[in-house]
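A short write-up of the structure that comes next.
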Amino acid sequence: MNLSDHFTLNEMIKSQEALRRGIKNDPDAPVIDKLRTLCMNVLEPIREHFNRPIFINSGFRCLRLNRAIGSKDNSQHLKGEAADIEIPGLDNRDLAEYINQNLNFDQLILEYYVDGQPDSGWVHVSYVNPNVNRKSFFRIP
Ligand SMILES: [Zn+2]
């Protein structure tokens, strides 16, 4: 199932951890709509700007999977509103800066990035809708 021109539902739900633990990571229809919204408003514009494939480290996570990897119950990954992404060959800080300066989003987090190591960490980005998006950008740790 395609969510948008360049993104499939499968790549937004697949998880090595879910496979390993036998967790069925299947979102319901309203969550699929949110994943599509994220693809259309955030991932596709990034894909178009850099003209390179985006690797989805983690998109939707059901509660069981989310707890299995030690994430908080209020994570936007549970609602289909967030994805952890990378573009192979692109500095994750440059990716985050591009999103921050050019796109509408809810939360943008440069996670576990080490200065001087372009491929370290990943970029977490979430989208709800333009009326509630906080446009909050920070780094952890
Ligand atoms: Zn995330």
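Simple scheme: letters A, B, ... for chains in structure tokens order, numbers from 1 for residues in each chain, numbers from 1 for ligands in the order shown.
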Next on the checklist: If the limit is 12 Å from any atom of ligand 1, counting only C-alpha atoms and all ligand atoms, which residues qualify? Return them as a PyMOL selection string.
Outcome noted: chain A and resi 56-61+66+69-72+74-86+107-112+121-127+140
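In the backbone-derived DSSP annotation, strand (DSSP E or B) within chain A comprises A:Asn2, A:Thr8, A:Phe55, A:Ile56, A:Asn57, A:Ser58, A:Ala82, A:Ala83, A:Asp84, A:Ile85, A:Glu86, A:Gln107, A:Leu108, A:Ile109, A:Leu110, A:Glu111, A:Val114, A:Gln117, A:Trp122, A:Val123, A:His124, A:Val125, A:Ser126, A:Ser136, A:Phe137, A:Phe138, A:Arg139, A:Ile140.
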Next on the checklist: Please identify the helix (DSSP H, G or I) residues within region 1-131 of chain A (assignment by DSSP from backbone atoms) and present them as a count of residues only.
Outcome noted: 54
Next on the checklist: I need the residue nearest Asn102 (chain A) from this list: A:Arg52, A:Arg36, A:Lys24, A:Lys135. Use only C-alpha atoms for the distance.
Outcome noted: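 With only C-alpha atoms as the atom set, the closest residue is A:Lys135.
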Item to check | 12 Å contact set for region 6-9 of chain A, only C-alpha atoms, chain neighbours under 4 positions out, as an MDAnalysis selection string | outcome: chainID A and resid 1:2 13:14 25:29 31:40 42:48 51:56 58:60 80
Checklist entry - Using only C-alpha atoms, which of the listed residues (A:Val128, A:Asn133, A:Gln101, A:Asn92) sits closest to Tyr113 (chain A)? => result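 Smallest separation from Tyr113 (chain A) among the options: A:Asn92.
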Checklist outcome for this item: Among A:Leu65, A:Leu95, A:Gly116, A:Asp73, Ala18 (chain A) is approached most closely, using only C-alpha atoms, by A:Leu65
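Across A:Ser15, A:Asp106, A:Asp115, A:Pro30, the tightest approach to Asp94 (chain A) is made by A:Asp115 when counting only C-alpha atoms.
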Checklist entry - From the set A:Leu90, A:Cys62, A:Leu19, A:Leu3, which residue has the shortest atom-to-atom contact distance to Gln117 (chain A), counting only C-alpha atoms? => result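 Ranked by minimum distance to Gln117 (chain A), first place goes to A:Leu90.
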